[in-house]
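To be precise, the following lines are target_10.csv, and they hold CSV, C-alpha atoms.
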chain,number,residue,atom,x,y,z
A,1,MET,CA,-4.0,-40.0,15.9
A,2,HIS,CA,-6.0,-42.3,13.6
A,3,GLU,CA,-3.3,-44.9,14.3
A,4,TYR,CA,-5.4,-46.0,17.3
A,5,SER,CA,-8.4,-46.6,15.1
A,6,ILE,CA,-6.3,-48.5,12.6
A,7,VAL,CA,-5.0,-50.7,15.4
A,8,ALA,CA,-8.6,-51.3,16.7
A,9,SER,CA,-9.6,-52.4,13.1
A,10,LEU,CA,-6.5,-54.6,12.9
A,11,ILE,CA,-7.2,-56.4,16.2
A,12,ASP,CA,-10.8,-56.9,15.1
A,13,ARG,CA,-9.7,-58.5,11.9
A,14,VAL,CA,-7.2,-60.8,13.7
A,15,GLN,CA,-10.0,-61.9,16.1
A,16,GLN,CA,-12.2,-62.9,13.1
A,17,GLU,CA,-9.4,-64.9,11.6
A,18,ALA,CA,-8.5,-66.5,14.9
A,19,ALA,CA,-12.2,-67.5,15.4
A,20,ALA,CA,-12.4,-69.0,11.9
A,21,HIS,CA,-9.3,-71.1,12.5
A,22,GLU,CA,-9.8,-71.8,16.2
A,23,GLY,CA,-6.6,-70.0,16.8
A,24,ALA,CA,-5.4,-69.7,20.4
A,25,ARG,CA,-2.5,-67.3,20.6
A,26,VAL,CA,-1.2,-64.9,18.1
A,27,HIS,CA,2.6,-64.7,17.9
A,28,ARG,CA,3.2,-62.2,15.2
A,29,LEU,CA,1.4,-59.9,12.7
A,30,HIS,CA,2.9,-58.8,9.4
A,31,VAL,CA,1.5,-55.6,8.1
A,32,LYS,CA,2.4,-53.6,5.0
A,33,ILE,CA,2.3,-49.8,5.3
A,34,GLY,CA,3.0,-47.4,2.4
A,35,GLU,CA,5.2,-44.4,3.2
A,36,LEU,CA,2.4,-42.2,1.8
A,37,ALA,CA,-0.4,-44.1,3.5
A,38,GLY,CA,-0.6,-41.3,6.2
A,39,VAL,CA,0.4,-43.7,9.0
A,40,GLU,CA,3.1,-42.9,11.5
A,41,LEU,CA,4.9,-46.1,12.1
A,42,GLU,CA,6.1,-45.2,15.6
A,43,LEU,CA,2.5,-44.2,16.6
A,44,LEU,CA,1.2,-47.4,15.1
A,45,LYS,CA,3.7,-49.5,17.2
A,46,THR,CA,2.8,-47.6,20.4
A,47,ALA,CA,-0.9,-48.0,19.7
A,48,PHE,CA,-0.5,-51.7,19.0
A,49,ASP,CA,1.5,-52.2,22.3
A,50,THR,CA,-1.2,-50.4,24.2
A,51,PHE,CA,-4.3,-52.1,22.6
A,52,ARG,CA,-3.0,-55.6,22.3
A,53,GLU,CA,-3.3,-56.2,26.0
A,54,ARG,CA,-6.0,-58.6,27.0
A,55,THR,CA,-6.9,-59.3,23.4
A,56,ILE,CA,-6.0,-62.3,21.2
A,57,CYS,CA,-2.9,-60.2,20.2
A,58,ASP,CA,-1.6,-60.0,23.8
A,59,GLY,CA,2.2,-60.5,23.6
A,60,ALA,CA,2.2,-60.6,19.8
A,61,GLU,CA,4.9,-58.8,17.8
A,62,LEU,CA,4.1,-56.4,15.0
A,63,THR,CA,6.3,-56.6,11.9
A,64,ILE,CA,5.9,-53.6,9.6
A,65,ASN,CA,6.9,-53.8,6.0
A,66,SER,CA,7.3,-50.2,4.8
A,67,VAL,CA,6.7,-49.6,1.1
A,68,ALA,CA,8.3,-46.7,-0.7
A,69,PRO,CA,6.0,-44.8,-3.1
A,70,ALA,CA,6.3,-45.2,-6.8
A,71,TRP,CA,4.5,-43.7,-9.8
A,72,ALA,CA,4.3,-44.7,-13.4
A,73,CYS,CA,2.8,-43.6,-16.6
A,74,PRO,CA,-0.4,-45.5,-17.3
A,75,SER,CA,0.4,-45.7,-21.0
A,76,CYS,CA,4.1,-46.4,-21.4
A,77,LYS,CA,4.8,-47.6,-17.8
A,78,ARG,CA,7.7,-45.3,-17.5
A,79,THR,CA,8.4,-44.5,-13.8
A,80,VAL,CA,8.2,-41.0,-12.4
A,81,GLU,CA,10.6,-40.2,-9.5
A,82,ARG,CA,9.4,-39.1,-6.1
A,83,GLY,CA,9.6,-35.3,-5.8
A,84,SER,CA,9.4,-34.7,-9.6
A,85,ILE,CA,6.4,-33.5,-11.5
A,86,LEU,CA,3.9,-36.4,-11.6
A,87,ARG,CA,3.5,-36.4,-15.3
A,88,CYS,CA,5.1,-38.7,-17.9
A,89,ASP,CA,7.7,-36.7,-19.7
A,90,ARG,CA,7.3,-38.8,-22.8
A,91,CYS,CA,3.4,-39.1,-23.2
A,92,GLY,CA,2.4,-36.1,-21.1
A,93,ARG,CA,-0.1,-38.2,-19.2
A,94,PRO,CA,-0.6,-37.9,-15.4
A,95,ALA,CA,1.3,-40.6,-13.6
A,96,ARG,CA,-0.5,-43.1,-11.5
A,97,MET,CA,0.6,-44.2,-8.0
A,98,ILE,CA,1.5,-47.9,-8.3
A,99,GLN,CA,2.5,-48.4,-4.6
A,100,GLY,CA,3.1,-46.5,-1.4
A,101,ASP,CA,-0.4,-45.9,0.0
A,102,GLU,CA,-1.3,-49.4,1.2
A,103,ILE,CA,-2.4,-50.3,4.8
A,104,ILE,CA,-2.6,-54.0,4.6
A,105,LEU,CA,-2.7,-57.0,7.0
A,106,GLU,CA,-0.5,-59.5,5.2
A,107,ARG,CA,-0.2,-62.5,7.5
A,108,ILE,CA,-0.9,-63.7,11.0
A,109,GLU,CA,1.3,-66.2,12.8
A,110,MET,CA,-0.8,-68.0,15.4
A,111,GLU,CA,-1.2,-71.2,17.2
A,112,ALA,CA,-4.0,-72.9,15.4
A,113,PRO,CA,-5.0,-76.6,15.0
A,114,ASN,CA,-7.3,-76.1,12.0
A,115,VAL,CA,-5.5,-74.6,9.0
B,116,MET,CA,1.7,-79.4,18.9
B,117,CYS,CA,5.2,-79.5,17.4
B,118,GLU,CA,5.3,-82.5,15.2
B,119,THR,CA,9.0,-82.2,14.3
B,120,CYS,CA,10.7,-83.0,17.6
B,121,GLY,CA,7.8,-83.6,20.0
B,122,CYS,CA,8.9,-80.9,22.3
B,123,GLY,CA,5.4,-80.0,23.2
B,124,ASP,CA,5.6,-76.4,21.8
B,125,PRO,CA,2.3,-75.4,20.2
B,126,GLU,CA,2.5,-75.3,16.4
B,127,ILE,CA,2.6,-71.8,14.9
B,128,VAL,CA,1.0,-71.5,11.5
B,129,PRO,CA,1.1,-68.6,9.1
B,130,ILE,CA,-2.3,-67.4,7.9
B,131,GLU,CA,-2.3,-65.3,4.8
B,132,VAL,CA,-4.8,-62.4,4.8
B,133,GLN,CA,-3.6,-59.7,2.4
B,134,GLU,CA,-6.5,-57.4,3.0
B,135,ARG,CA,-6.8,-53.7,3.7
B,136,ILE,CA,-7.0,-53.2,7.5
B,137,LEU,CA,-9.7,-50.6,7.0
B,138,SER,CA,-11.8,-53.0,4.8
B,139,ASP,CA,-14.8,-52.5,7.2
B,140,ASN,CA,-14.7,-48.8,6.6
B,141,ASP,CA,-14.3,-49.4,2.8
B,142,ALA,CA,-17.5,-51.6,2.8
B,143,GLN,CA,-19.4,-48.9,4.7
B,144,ALA,CA,-18.2,-46.3,2.3
B,145,ALA,CA,-19.3,-48.4,-0.7
B,146,HIS,CA,-22.7,-48.5,0.9
B,147,ASN,CA,-22.8,-44.7,1.3
B,148,ARG,CA,-21.6,-44.3,-2.3
B,149,SER,CA,-24.4,-46.4,-3.7
B,150,HIS,CA,-26.8,-44.5,-1.6
B,151,PHE,CA,-25.6,-41.1,-3.0
B,152,GLU,CA,-25.5,-42.5,-6.5
B,153,GLY,CA,-28.9,-44.0,-6.3
B,154,LEU,CA,-30.3,-40.6,-5.4
B,155,GLY,CA,-28.3,-38.8,-8.0
B,156,VAL,CA,-26.6,-36.7,-5.3
B,157,LEU,CA,-23.1,-35.4,-5.8
B,158,ALA,CA,-21.2,-36.0,-2.5
B,159,ILE,CA,-18.1,-34.0,-1.9
B,160,ASN,CA,-15.6,-34.7,1.0
B,161,LEU,CA,-14.3,-31.2,1.8
B,162,MET,CA,-11.1,-31.3,3.8
B,163,GLY,CA,-8.4,-28.8,5.0
B,164,SER,CA,-6.7,-27.4,8.0
B,165,PRO,CA,-8.6,-25.7,10.8
B,166,GLY,CA,-9.3,-22.2,9.6
B,167,ALA,CA,-8.6,-22.9,5.9
B,168,GLY,CA,-12.0,-21.5,5.1
B,169,LYS,CA,-14.1,-24.6,4.5
B,170,THR,CA,-17.3,-23.3,6.0
B,171,ALA,CA,-16.8,-19.9,4.4
B,172,VAL,CA,-16.5,-21.5,1.0
B,173,LEU,CA,-19.7,-23.3,1.5
B,174,GLU,CA,-21.4,-20.1,2.6
B,175,ALA,CA,-20.2,-18.4,-0.5
B,176,THR,CA,-21.4,-21.4,-2.6
B,177,ALA,CA,-24.9,-21.0,-1.0
B,178,ARG,CA,-24.9,-17.2,-1.8
B,179,ALA,CA,-24.0,-17.8,-5.4
B,180,ALA,CA,-26.0,-21.0,-6.2
B,181,GLY,CA,-28.5,-21.5,-3.3
B,182,ARG,CA,-31.4,-20.7,-5.6
B,183,GLU,CA,-30.5,-23.1,-8.4
B,184,LEU,CA,-29.0,-25.9,-6.4
B,185,LYS,CA,-30.4,-27.7,-3.3
B,186,LEU,CA,-27.4,-27.9,-1.0
B,187,GLY,CA,-26.9,-30.1,2.0
B,188,ALA,CA,-24.0,-30.6,4.4
B,189,VAL,CA,-22.8,-32.5,7.4
B,190,SER,CA,-20.0,-30.9,9.4
B,191,GLY,CA,-17.5,-32.9,11.5
B,192,ASP,CA,-16.6,-31.0,14.6
B,193,LEU,CA,-14.8,-32.0,17.7
B,194,ALA,CA,-17.0,-30.2,20.2
B,195,THR,CA,-19.4,-27.6,18.8
B,196,GLU,CA,-22.3,-27.2,16.3
B,197,ARG,CA,-21.1,-23.8,15.1
B,198,ASP,CA,-20.4,-24.8,11.5
B,199,ALA,CA,-23.8,-26.4,11.0
B,200,ASP,CA,-25.4,-23.3,12.5
B,201,ARG,CA,-23.5,-21.1,10.1
B,202,LEU,CA,-24.4,-23.3,7.1
B,203,ASN,CA,-28.1,-23.5,8.1
B,204,ALA,CA,-28.1,-19.7,8.3
B,205,SER,CA,-26.7,-19.5,4.8
B,206,GLY,CA,-29.5,-21.8,3.5
B,207,ILE,CA,-27.6,-25.1,3.3
B,208,VAL,CA,-29.6,-27.8,5.1
B,209,SER,CA,-27.0,-29.0,7.6
B,210,SER,CA,-26.3,-31.2,10.6
B,211,THR,CA,-23.3,-31.8,12.8
B,212,ILE,CA,-21.3,-34.9,13.4
B,213,THR,CA,-19.7,-34.4,16.8
B,214,THR,CA,-16.6,-36.5,16.8
B,215,GLY,CA,-15.4,-35.9,20.4
B,216,SER,CA,-11.7,-36.5,20.3
B,217,ALA,CA,-11.6,-38.2,16.9
B,218,CYS,CA,-9.6,-36.3,14.4
B,219,HIS,CA,-11.5,-37.5,11.3
B,220,LEU,CA,-14.8,-38.7,10.0
B,221,ASP,CA,-15.3,-42.3,9.0
B,222,ALA,CA,-17.9,-43.9,6.8
B,223,ARG,CA,-19.9,-45.2,9.7
B,224,LEU,CA,-20.2,-41.7,11.2
B,225,VAL,CA,-21.4,-40.4,7.9
B,226,HIS,CA,-23.9,-43.2,7.4
B,227,HIS,CA,-25.3,-42.5,10.8
B,228,ALA,CA,-25.7,-38.8,10.0
B,229,LEU,CA,-27.4,-39.6,6.7
B,230,HIS,CA,-30.0,-41.7,8.5
B,231,HIS,CA,-30.9,-38.7,10.6
B,232,PHE,CA,-30.5,-36.1,7.9
B,233,PRO,CA,-33.7,-34.0,7.5
B,234,SER,CA,-33.7,-34.1,3.6
B,235,ASN,CA,-32.7,-36.5,0.9
B,236,ASP,CA,-33.5,-34.4,-2.2
B,237,ARG,CA,-30.2,-32.5,-2.3
B,238,ASP,CA,-28.3,-31.9,-5.5
B,239,VAL,CA,-25.0,-31.5,-3.8
B,240,PHE,CA,-24.1,-32.9,-0.4
B,241,PHE,CA,-20.9,-31.6,1.3
B,242,ILE,CA,-19.2,-33.6,4.0
B,243,GLU,CA,-17.2,-31.0,5.8
B,244,ASN,CA,-14.5,-33.0,7.4
B,245,VAL,CA,-12.7,-32.3,10.7
B,246,GLY,CA,-10.1,-29.6,10.3
B,247,ASN,CA,-6.9,-31.6,9.9
B,248,LEU,CA,-4.5,-32.1,7.0
B,249,VAL,CA,-3.5,-35.7,7.9
B,250,CYS,CA,-6.1,-38.1,9.2
B,251,PRO,CA,-9.2,-37.4,7.1
B,252,ALA,CA,-7.4,-38.4,3.9
B,253,ILE,CA,-7.2,-42.1,4.9
B,254,TYR,CA,-10.9,-42.8,5.3
B,255,ASP,CA,-13.2,-43.2,2.3
B,256,LEU,CA,-16.6,-41.8,3.2
B,257,GLY,CA,-18.4,-42.7,0.0
B,258,GLN,CA,-17.8,-39.4,-1.7
B,259,ALA,CA,-17.7,-38.8,-5.5
B,260,ALA,CA,-14.7,-36.4,-5.1
B,261,ASN,CA,-12.3,-35.0,-2.6
B,262,VAL,CA,-11.8,-31.3,-2.4
B,263,VAL,CA,-9.1,-29.8,-0.2
B,264,ALA,CA,-9.2,-26.1,0.9
B,265,LEU,CA,-5.8,-24.5,1.3
B,266,SER,CA,-5.7,-20.9,2.4
B,267,VAL,CA,-3.0,-18.5,1.3
B,268,THR,CA,-2.0,-17.9,4.9
B,269,GLU,CA,-0.9,-21.5,5.3
B,270,GLY,CA,2.1,-21.1,2.9
B,271,GLU,CA,3.1,-22.6,-0.4
B,272,ASP,CA,4.9,-25.7,1.0
B,273,LYS,CA,1.8,-27.4,2.5
B,274,PRO,CA,1.3,-29.8,-0.4
B,275,LEU,CA,4.9,-31.1,0.0
B,276,LYS,CA,4.6,-31.3,3.8
B,277,TYR,CA,1.2,-33.1,3.7
B,278,PRO,CA,1.4,-35.2,0.5
B,279,VAL,CA,-1.0,-37.8,1.6
B,280,MET,CA,-3.9,-35.3,1.8
B,281,PHE,CA,-3.0,-33.7,-1.6
B,282,GLN,CA,-2.4,-36.9,-3.5
B,283,LYS,CA,-6.0,-37.9,-2.7
B,284,ALA,CA,-7.5,-34.6,-3.8
B,285,ASP,CA,-9.5,-34.2,-7.0
B,286,LEU,CA,-9.5,-30.4,-6.6
B,287,VAL,CA,-7.6,-27.9,-4.4
B,288,LEU,CA,-9.4,-24.7,-3.6
B,289,LEU,CA,-6.8,-22.0,-2.9
B,290,THR,CA,-8.9,-19.8,-0.5
B,291,LYS,CA,-8.6,-16.3,0.9
B,292,ILE,CA,-7.0,-15.0,-2.3
B,293,ASP,CA,-8.2,-11.5,-1.3
B,294,LEU,CA,-5.4,-11.5,1.2
B,295,ILE,CA,-2.6,-12.1,-1.3
B,296,PRO,CA,-1.7,-8.4,-1.7
B,297,HIS,CA,-0.8,-8.4,2.1
B,298,LEU,CA,1.3,-11.5,2.0
B,299,ASP,CA,4.5,-12.9,0.3
B,300,PHE,CA,2.6,-15.7,-1.3
B,301,ASP,CA,3.6,-17.2,-4.6
B,302,VAL,CA,0.7,-18.8,-6.4
B,303,ALA,CA,3.1,-20.4,-9.0
B,304,ALA,CA,5.1,-22.0,-6.1
B,305,VAL,CA,2.0,-23.7,-4.7
B,306,ARG,CA,1.0,-24.9,-8.2
B,307,ASP,CA,4.5,-26.4,-8.6
B,308,ALA,CA,4.3,-28.1,-5.2
B,309,LEU,CA,0.9,-29.6,-6.1
B,310,SER,CA,2.2,-30.9,-9.4
B,311,ARG,CA,4.7,-33.0,-7.5
B,312,VAL,CA,2.3,-34.7,-5.2
B,313,MET,CA,-1.0,-34.6,-7.1
B,314,PRO,CA,-0.9,-36.5,-10.4
B,315,GLU,CA,-3.8,-34.5,-12.0
B,316,ALA,CA,-3.2,-31.3,-10.2
B,317,THR,CA,-6.2,-29.0,-10.4
B,318,MET,CA,-6.4,-25.9,-8.4
B,319,LEU,CA,-9.0,-23.0,-8.4
B,320,GLU,CA,-8.3,-19.7,-6.7
B,321,VAL,CA,-11.2,-18.4,-4.7
B,322,SER,CA,-12.2,-15.7,-2.2
B,323,ALA,CA,-15.3,-16.4,-0.2
B,324,LYS,CA,-15.2,-12.8,1.0
B,325,THR,CA,-15.2,-11.1,-2.5
B,326,GLY,CA,-16.8,-13.9,-4.5
B,327,GLU,CA,-13.8,-14.0,-6.9
B,328,GLY,CA,-13.4,-17.5,-8.4
B,329,ILE,CA,-16.7,-18.8,-7.0
B,330,ASP,CA,-18.1,-19.1,-10.5
B,331,ALA,CA,-15.3,-21.4,-11.6
B,332,TRP,CA,-15.9,-23.5,-8.5
B,333,LEU,CA,-19.6,-23.7,-9.3
B,334,GLY,CA,-18.7,-24.7,-12.9
B,335,TRP,CA,-16.4,-27.5,-11.5
B,336,LEU,CA,-19.3,-28.7,-9.2
B,337,GLU,CA,-21.8,-28.6,-12.0
B,338,ALA,CA,-19.5,-30.8,-14.3
B,339,ARG,CA,-19.1,-33.3,-11.4
B,340,ARG,CA,-22.9,-33.2,-10.7
B,341,LEU,CA,-23.7,-34.1,-14.3
B,342,GLU,CA,-21.3,-37.1,-14.0
B,343,ALA,CA,-23.1,-38.1,-10.8
B,344,LEU,CA,-26.4,-37.9,-12.6
B,345,GLU,CA,-25.1,-40.1,-15.4
B,346,ARG,CA,-23.8,-42.7,-12.9
B,347,SER,CA,-27.2,-42.6,-11.2
B,348,ALA,CA,-29.0,-43.2,-14.5
B,349,GLU,CA,-26.7,-46.1,-15.3
B,350,GLY,CA,-27.2,-47.5,-11.9
B,351,HIS,CA,-31.0,-47.5,-12.2
B,352,ALA,CA,-30.7,-49.1,-15.6
B,353,HIS,CA,-28.9,-52.0,-14.1
B,354,ALA,CA,-29.7,-52.8,-10.5
B,355,HIS,CA,-30.9,-50.9,-7.5
B,356,HIS,CA,-28.7,-50.5,-4.5
B,357,ALA,CA,-29.3,-53.3,-2.1
B,358,HIS,CA,-30.7,-52.2,1.3
B,359,SER,CA,-31.6,-54.0,4.4
B,360,HIS,CA,-32.9,-50.8,6.0
B,361,GLU,CA,-34.8,-47.7,5.2
B,362,HIS,CA,-33.1,-44.3,4.6
B,363,HIS,CA,-35.1,-41.2,5.4

Structure translated into C-alpha cells:
Amino acid sequence: MHEYSIVASLIDRVQQEAAAHEGARVHRLHVKIGELAGVELELLKTAFDTFRERTICDGAELTINSVAPAWACPSCKRTVERGSILRCDRCGRPARMIQGDEIILERIEMEAPNV
Amino acid sequence: MCETCGCGDPEIVPIEVQERILSDNDAQAAHNRSHFEGLGVLAINLMGSPGAGKTAVLEATARAAGRELKLGAVSGDLATERDADRLNASGIVSSTITTGSACHLDARLVHHALHHFPSNDRDVFFIENVGNLVCPAIYDLGQAANVVALSVTEGEDKPLKYPVMFQKADLVLLTKIDLIPHLDFDVAAVRDALSRVMPEATMLEVSAKTGEGIDAWLGWLEARRLEALERSAEGHAHAHHAHSHEHH
C-alpha cells in the first residue's frame, strides 16, 4: 500500500508549487503512471480521494495518464515486445526499458494570479 | 479572475511540473549513495517475499566470508528485531528499522539508520528490505545493486506475476535449492520467465542450508565490491561528498 505514501509526496509537491505561485485552489492534477511502475491505479485514486481533504487539493480531480511499457535495443533501436525475451534478436544486446515505469506529476491546474 | 467574459470565475492556469513524484526520496537516496561510495562500501538492497530466505542467505554469507569481509546490515521489519538478532549472532553487525505498518523501506529510513549504525568500516552493507514483492521495488535507497531472493517453494511464475520487482533486479538468488528434489520445480522455467521481465537476467542458485552456490554468490559480490572501490577512488579524485552533518 505504498500508494498512500506516493499520494502524500504528491500533495506535498503540489503545496510547494501552490506556494511558489500564490495559488489558491487546485482544480486538477495530471499524473503519468507507467503500467510497470508498481502503482495500482485504483488504490492511487482511493488514496488521493482520502488524503486530498483539508489540503490544497481538496475537491481537486486526479487525471491519470497510464503508459504502456516498451523496450528497445540500445544499439539498433529495434523494439522488443512485452512478454518476449528482452534481448534484441538482431544484435543480441539486452533491451532497455524506454517507457512504462514512470511516476510523474505532469501538470497542475490551479487558481493562481502569478504565473 | 476570468478576463474573457468578466463572469467573475477565478482564472485556472496550468502549471507544468514534469517531475518524479518521489523526487524527495530520490534526492535522499542520492545522498545515501554518495555516503556509501565515499566510504567505498558496497551497498546491496536485498528484497524478496516474506520467507524467501533473505536472512538465511545473509547468515550463510557470514559463515562463508565473515573472516575476509566486514559485513553490515540493516533489516526492515514491521514489528520485531528478530532478523537483526539472527544476523548479529552470525557475526554481521546489524540493526533493525522497525517500519510499523509500512510495507517498504525508503531512503529517509535508511539514512536515519545509517546515522545510528554502530560501525562505518564495513566492506559490504546489506539493506534487508521488508518481505514484499511489490512495494520495495519503487523506492531507491542509495544502493549499488538490487538483489532479489526467490525461493523454489514460491513457484516459477513469480517473475511474470511481479515484473516490477524483477525488472529492477541486478541479480536474482534462487534460494532453498536443496528442496528441489521434493518439489515439481523447473529451474529452466524460472530462467525463461526472468528473461522476459529482466533485460540482463542473471540468476544464481543457492542453498543457505547446504552452502551450495554460496561461492558463486560471494564471487558476484566481490566483483561488485571492486567496482564500488573504483567508484570510490574516482570520487575522491574529483570531489568529496557534500555534507551538512556528521556521520558516525

### Message
Env of Asp200 in chain B: 12 Å cut, atoms = all atoms listed in the file, seq-sep filter 2 positions within chain, self excluded. Answer as number ranges by chain.
### Response
B: 170, 174, 188-190, 192, 195-198, 202-211

### Message
Applying 9 Å and only C-alpha atoms, which residues near His2 in chain A remain after dropping the ones on its own chain fewer than 6 positions away? List them as a PyMOL selection string.
### Response
(chain A and resi 39+44) or (chain B and resi 217-219+250-251+253)

### chain A contacts to chain B at 6 Å (only C-alpha atoms) as a list of chain:residue names
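Residues passing the distance filter: A:Leu10, A:Leu36, A:Gly38, A:Gly83, A:Ser84, A:Ile85, A:Leu86, A:Pro94, A:Ala95, A:Ile103, A:Ile104, A:Leu105, A:Glu106, A:Arg107, A:Ile108, A:Glu109, A:Met110, A:Glu111.
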
Extract, using all atoms listed in the file, all DNA, RNA and protein residues at most 12 Å from Arg93 in chain A, discarding same-chain residues fewer than 5 positions from it, and format them as a PDB file with C-alpha atoms, in the frame of the given file.
ATOM      1  CA  TRP A  71       4.500 -43.700  -9.800  1.00  0.00           C
ATOM      2  CA  ALA A  72       4.300 -44.700 -13.400  1.00  0.00           C
ATOM      3  CA  CYS A  73       2.800 -43.600 -16.600  1.00  0.00           C
ATOM      4  CA  PRO A  74      -0.400 -45.500 -17.300  1.00  0.00           C
ATOM      5  CA  SER A  75       0.400 -45.700 -21.000  1.00  0.00           C
ATOM      6  CA  CYS A  76       4.100 -46.400 -21.400  1.00  0.00           C
ATOM      7  CA  LYS A  77       4.800 -47.600 -17.800  1.00  0.00           C
ATOM      8  CA  ARG A  78       7.700 -45.300 -17.500  1.00  0.00           C
ATOM      9  CA  THR A  79       8.400 -44.500 -13.800  1.00  0.00           C
ATOM     10  CA  VAL A  80       8.200 -41.000 -12.400  1.00  0.00           C
ATOM     11  CA  ILE A  85       6.400 -33.500 -11.500  1.00  0.00           C
ATOM     12  CA  LEU A  86       3.900 -36.400 -11.600  1.00  0.00           C
ATOM     13  CA  ARG A  87       3.500 -36.400 -15.300  1.00  0.00           C
ATOM     14  CA  CYS A  88       5.100 -38.700 -17.900  1.00  0.00           C
TER      15      CYS A  88
ATOM     16  CA  PRO B 314      -0.900 -36.500 -10.400  1.00  0.00           C
ATOM     17  CA  GLU B 315      -3.800 -34.500 -12.000  1.00  0.00           C
ATOM     18  CA  ALA B 316      -3.200 -31.300 -10.200  1.00  0.00           C
TER      19      ALA B 316
END

### 8 Å contact set for Lys169 in chain B, only C-alpha atoms, chain neighbours under 4 positions out, as a list in words
Leu161, Met162, Gly163, Leu173, Glu243 and Ala264 of chain B

### Message
So that I can check the surroundings of Ala167 in chain B, please list as a ChimeraX atom specification every protein, DNA and RNA residue that reaches within 12 Å of it, counting all atoms listed in the file and ignoring chain neighbours fewer than 2 positions away.
### Response
/B:161-165,169-173,243-248,263-270,273,287-292,321-323

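Interatomic distance, CA of Leu333 in chain B against CA of Lys283 in chain B: 20.7 Å.
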
### Message
Nearest residue to Ile242 in chain B out of B:Ala158, B:Val305, B:Leu193, B:Ala177, using only C-alpha atoms?
### Response
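Going through B:Ala158, B:Val305, B:Leu193, B:Ala177 one by one, the smallest distance to Ile242 in chain B is for B:Ala158.
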
### Interatomic distance (Å, one decimal) between CA of Phe241 in chain B and CA of Arg96 in chain A
26.7 Å

### Task
Using CA of Phe151 in chain B and CA of Leu341 in chain B as the two end points, give the distance in Å to one decimal.
13.4 Å

### Query
Which residue gives the smallest distance to Val262 in chain B among B:Glu183, B:Asp285, B:Asp236, B:Glu152, with all atoms listed in the file counted?
B:Asp285

### Message
Taking all atoms listed in the file into account, name the residue in B:Ala199, B:Leu229, B:Asn160, B:Asp255 that is nearest to Gln143 in chain B.
### Response
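Closest to Gln143 in chain B, using all atoms listed in the file: B:Asp255.
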